[in-house]
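J.: I'd like to ask you about the structure that follows.
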Amino acid sequence: KLRKEWVPRLIEGCREFGIDNFLVSGWGDGASEASQFCILPGLYRVAKMAKNEEIGDAKDFEEVAGMSLDDFDKIDSLGCLDPNVDYNHKHNTLPFTHLYMDLLQDPMMETALDKYPHLYMEAVKKLNTISSNKEFGYMFDAMAKLGKVDSILCVLGRDIRKAYEKGETLHPYILKLQEAQKLLDEFITSHEYQWHKENKSFGYEKECQRLGGLKERMRYVEGRLKLYSDSKIDKIEELEEKHLPKIMYGKEIDPDDLKGNLYRYLVSAGLLNDY
């Protein structure tokens with residue numbers, strides 16, 4: 001991640017040592033699901049710094065992108081959810097984490113904060129204002145649909161566990177899960193369109209496996225909740241176990257500075273290292 005304060009120093013170093021050209025690239029590892037074009041605002045700002053030009057009203061960006069720089073910045077609305085948090089020094093992967101973290105084992109339960117459902121829907125509103133853009137609206141549409149799914153999933157596992165431990169009915173969470181499955185289908189349709197608009201088909205098989213696995217897991221969890229609610233099973237084994245706090249990179253999780261972009265850490269409390 002290229003932080004804002006690094007860029008001027010890197011450019012100044014190039015000038016000092018007579019380096020006329022340098023390469024700024026975007027890497028797909030850990031977030032290859034993202035649009036190739038979501039980093040355009042960052043590339044534009046680096047180019048302006050390299051030329052010693054003020055950004056100003058960024059009309060030249062708008063001429064190319066078909067929207068203002070401020071509007072294009074909204075593509076990161078899901079990654080910068082909380083307006084009270086300075087994300088410049090943070091590496092936030094909440095949208096990915098909340099999509100894939102397991103609903104029964106929930107190894108990332110520390111990220112299930114009450115503020116997130118509302119913040120996701122506020123982000124969705126921002127994204128929807130740009131989704132009709134002719135050139136890049138499809139990116140904002142995909143992110144808005146992801147935000148809707150995450151607005152439910154971000155606290156659903158935590159709430160299921162709490163209700164189960166208190167002996168409360170699980171029916172409201174079954175309904176929430178059914179709603180989330182419908183929204184997930186809408187996101188998958190939009191995400192698939194985005195992928196094939198920008199990429200060849202190679203690589204999308206991973207998306208099919210991940211998102212298809214998520215759909216199957218949601219179907220399975222719904223079935224287990226129904227069986228328990230109908231007294232056809234006497235317990236849900238995953239929820240009988242005590243939740244253990246997740247340790248990542250040697251420290252406890254900070255939900256606003258989350259580096260949880262590794263699929264294998266989200267979908268199971270067990271190990272997926274061999275898969």
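So you can find residues: chains in the structure tokens are A, B, ... in the order shown, residues in each start at 1, and ligands are numbered from 1 in order.
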Just want the 7 Å neighbourhood of A:His98, counted on only C-alpha atoms, with same-chain residues fewer than 5 positions away dropped. Output as a ChimeraX atom specification.

T.: /A:150,153-154

J.: Save the residues we just selected, N, CA, C and O atoms, as a PDB file, in the first residue's frame?

T.:
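File again.pdb, as written:
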```pdb
ATOM      1  N   ASP A 150     -22.921  -7.242   2.895  1.00  0.00           N
ATOM      2  CA  ASP A 150     -22.107  -7.072   4.103  1.00  0.00           C
ATOM      3  C   ASP A 150     -22.874  -6.406   5.238  1.00  0.00           C
ATOM      4  O   ASP A 150     -22.577  -6.649   6.413  1.00  0.00           O
ATOM      5  N   LEU A 153     -24.348  -9.536   6.829  1.00  0.00           N
ATOM      6  CA  LEU A 153     -23.408 -10.558   7.288  1.00  0.00           C
ATOM      7  C   LEU A 153     -22.452 -10.044   8.357  1.00  0.00           C
ATOM      8  O   LEU A 153     -21.946 -10.839   9.162  1.00  0.00           O
ATOM      9  N   CYS A 154     -22.206  -8.739   8.403  1.00  0.00           N
ATOM     10  CA  CYS A 154     -21.168  -8.216   9.304  1.00  0.00           C
ATOM     11  C   CYS A 154     -21.464  -8.499  10.772  1.00  0.00           C
ATOM     12  O   CYS A 154     -20.531  -8.581  11.582  1.00  0.00           O
TER      13      CYS A 154
END
```

J.: Could you list, with a cut-off of 8 Å and counting only C-alpha atoms, the residues of stretch 42-68 of chain A near stretch 132-137 of chain A, each shown with its nearest atom pair and the distance in Å rounded to one decimal, rows sorted by chain and ascending number, as JSON lines?

T.:
```
{"residue": "A:Ala65", "atom": "CA", "partner": "A:Glu135", "partner_atom": "CA", "distance": 7.1}
{"residue": "A:Gly66", "atom": "CA", "partner": "A:Glu135", "partner_atom": "CA", "distance": 6.9}
{"residue": "A:Met67", "atom": "CA", "partner": "A:Asn133", "partner_atom": "CA", "distance": 7.6}
```

J.: If you take only C-alpha atoms and a cut-off of 12 Å, which residues of stretch 57-104 of chain A touch stretch 156-173 of chain A, and what are their nearest atom pairs and distances in Å to one decimal, in chain and number order, as CSV?

T.:
```
residue,atom,partner,partner_atom,distance
A:His98,CA,A:Leu156,CA,9.6
A:Leu99,CA,A:Leu156,CA,10.8
A:Tyr100,CA,A:Gly157,CA,11.0
A:Met101,CA,A:Gly157,CA,8.4
A:Asp102,CA,A:Gly157,CA,7.2
A:Leu103,CA,A:Gly157,CA,4.2
A:Leu104,CA,A:Gly157,CA,6.0
```

J.: From the list A:Phe17, A:Val267, A:Pro245, A:Thr129, which residue is nearest A:Met109 when using only C-alpha atoms?

T.: A:Pro245

J.: Between atom CA of A:Lys51 and atom CA of A:Asp20, measure the distance and give it in Å to one decimal.

T.: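 Atom CA of A:Asp20 lies 11.0 Å from atom CA of A:Lys51.
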
J.: Go through A:Arg210, A:Lys59, A:Arg9, A:His191 and flag the residue nearest A:Phe140, using only C-alpha atoms for the distances.

T.: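 That would be A:His191, the residue with the smallest distance to A:Phe140.
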
J.: Which residue, A:Ala50, A:Ala180, A:Leu271, A:Val155, has the smallest gap to A:Asp106 when you use only C-alpha atoms?

T.: A:Val155

J.: Could you give me, as a ChimeraX atom specification, the residues within 9 Å of A:Glu238, counting only C-alpha atoms and dropping anything in the same chain fewer than 3 positions from it?

T.: /A:104-105,235,241-242

J.: Please dump the current selection as a PDB file, in the first residue's frame; keep all heavy atoms.

T.:
```pdb
ATOM      1  N   LEU A 104     -21.132 -19.572  11.816  1.00  0.00           N
ATOM      2  CA  LEU A 104     -21.247 -20.351  13.045  1.00  0.00           C
ATOM      3  C   LEU A 104     -19.946 -20.358  13.841  1.00  0.00           C
ATOM      4  O   LEU A 104     -19.961 -20.236  15.065  1.00  0.00           O
ATOM      5  CB  LEU A 104     -21.672 -21.792  12.734  1.00  0.00           C
ATOM      6  CG  LEU A 104     -23.075 -21.957  12.131  1.00  0.00           C
ATOM      7  CD1 LEU A 104     -23.388 -23.430  11.907  1.00  0.00           C
ATOM      8  CD2 LEU A 104     -24.139 -21.320  13.026  1.00  0.00           C
ATOM      9  N   GLN A 105     -18.820 -20.506  13.162  1.00  0.00           N
ATOM     10  CA  GLN A 105     -17.547 -20.486  13.874  1.00  0.00           C
ATOM     11  C   GLN A 105     -17.018 -19.064  14.051  1.00  0.00           C
ATOM     12  O   GLN A 105     -16.347 -18.770  15.026  1.00  0.00           O
ATOM     13  CB  GLN A 105     -16.516 -21.330  13.117  1.00  0.00           C
ATOM     14  CG  GLN A 105     -16.950 -22.781  12.972  1.00  0.00           C
ATOM     15  CD  GLN A 105     -15.902 -23.616  12.275  1.00  0.00           C
ATOM     16  OE1 GLN A 105     -14.718 -23.535  12.570  1.00  0.00           O
ATOM     17  NE2 GLN A 105     -16.336 -24.439  11.335  1.00  0.00           N
ATOM     18  N   LYS A 235     -28.939 -29.366  19.583  1.00  0.00           N
ATOM     19  CA  LYS A 235     -27.898 -28.355  19.732  1.00  0.00           C
ATOM     20  C   LYS A 235     -27.252 -28.069  18.382  1.00  0.00           C
ATOM     21  O   LYS A 235     -27.368 -28.861  17.429  1.00  0.00           O
ATOM     22  CB  LYS A 235     -26.834 -28.812  20.721  1.00  0.00           C
ATOM     23  CG  LYS A 235     -26.101 -30.075  20.316  1.00  0.00           C
ATOM     24  CD  LYS A 235     -25.121 -30.512  21.411  1.00  0.00           C
ATOM     25  CE  LYS A 235     -24.460 -31.848  21.043  1.00  0.00           C
ATOM     26  NZ  LYS A 235     -23.529 -32.302  22.101  1.00  0.00           N
ATOM     27  N   GLU A 241     -19.345 -24.327  21.430  1.00  0.00           N
ATOM     28  CA  GLU A 241     -17.942 -24.070  21.750  1.00  0.00           C
ATOM     29  C   GLU A 241     -17.720 -22.606  22.101  1.00  0.00           C
ATOM     30  O   GLU A 241     -18.349 -21.719  21.537  1.00  0.00           O
ATOM     31  CB  GLU A 241     -17.045 -24.454  20.566  1.00  0.00           C
ATOM     32  CG  GLU A 241     -17.104 -25.926  20.189  1.00  0.00           C
ATOM     33  CD  GLU A 241     -16.619 -26.835  21.301  1.00  0.00           C
ATOM     34  OE1 GLU A 241     -15.667 -26.424  22.019  1.00  0.00           O
ATOM     35  OE2 GLU A 241     -17.171 -27.934  21.468  1.00  0.00           O
ATOM     36  N   LYS A 242     -16.807 -22.361  23.002  1.00  0.00           N
ATOM     37  CA  LYS A 242     -16.460 -20.998  23.389  1.00  0.00           C
ATOM     38  C   LYS A 242     -15.697 -20.318  22.257  1.00  0.00           C
ATOM     39  O   LYS A 242     -14.812 -20.887  21.639  1.00  0.00           O
ATOM     40  CB  LYS A 242     -15.608 -21.015  24.653  1.00  0.00           C
ATOM     41  CG  LYS A 242     -15.189 -19.636  25.141  1.00  0.00           C
ATOM     42  CD  LYS A 242     -14.317 -19.732  26.388  1.00  0.00           C
ATOM     43  CE  LYS A 242     -13.862 -18.353  26.847  1.00  0.00           C
ATOM     44  NZ  LYS A 242     -12.987 -18.421  28.041  1.00  0.00           N
TER      45      LYS A 242
END
```

J.: So, counting only C-alpha atoms, which residue among A:Met121, A:Ile19, A:Leu69, A:Met143 is closest to A:Ser190?

T.: A:Met143

J.: Write out as a ChimeraX atom specification which residues come within 9 Å of stretch 38-43 of chain A when counting only C-alpha atoms, dropping same-chain ones fewer than 6 positions away.

T.: /A:24-26,61,65,69-70,72-73,75-76,139

J.: Quick one: of A:Glu5, A:Glu33, A:Glu12, A:Asp82, who's nearest to A:Asn52, counting only C-alpha atoms?

T.: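 Closest residue, counting only C-alpha atoms: A:Glu12.
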
J.: DSSP on the backbone: which residues in stretch 211-266 of chain A end up as strand (DSSP E)? Give the answer as a list of chain:residue names.

T.: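 After running DSSP on the backbone, stretch 211-266 of chain A has strand (DSSP E) at A:Ile247, A:Met248, A:Lys251, A:Glu252.
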
J.: Any idea what's packed within 12 Å of A:Val7, counting only C-alpha atoms, ignoring anything in its chain fewer than 4 positions away? Could you give it as an MDAnalysis selection string?

T.: chainID A and resid 1:3 11:14 22 24 42:43 45:50
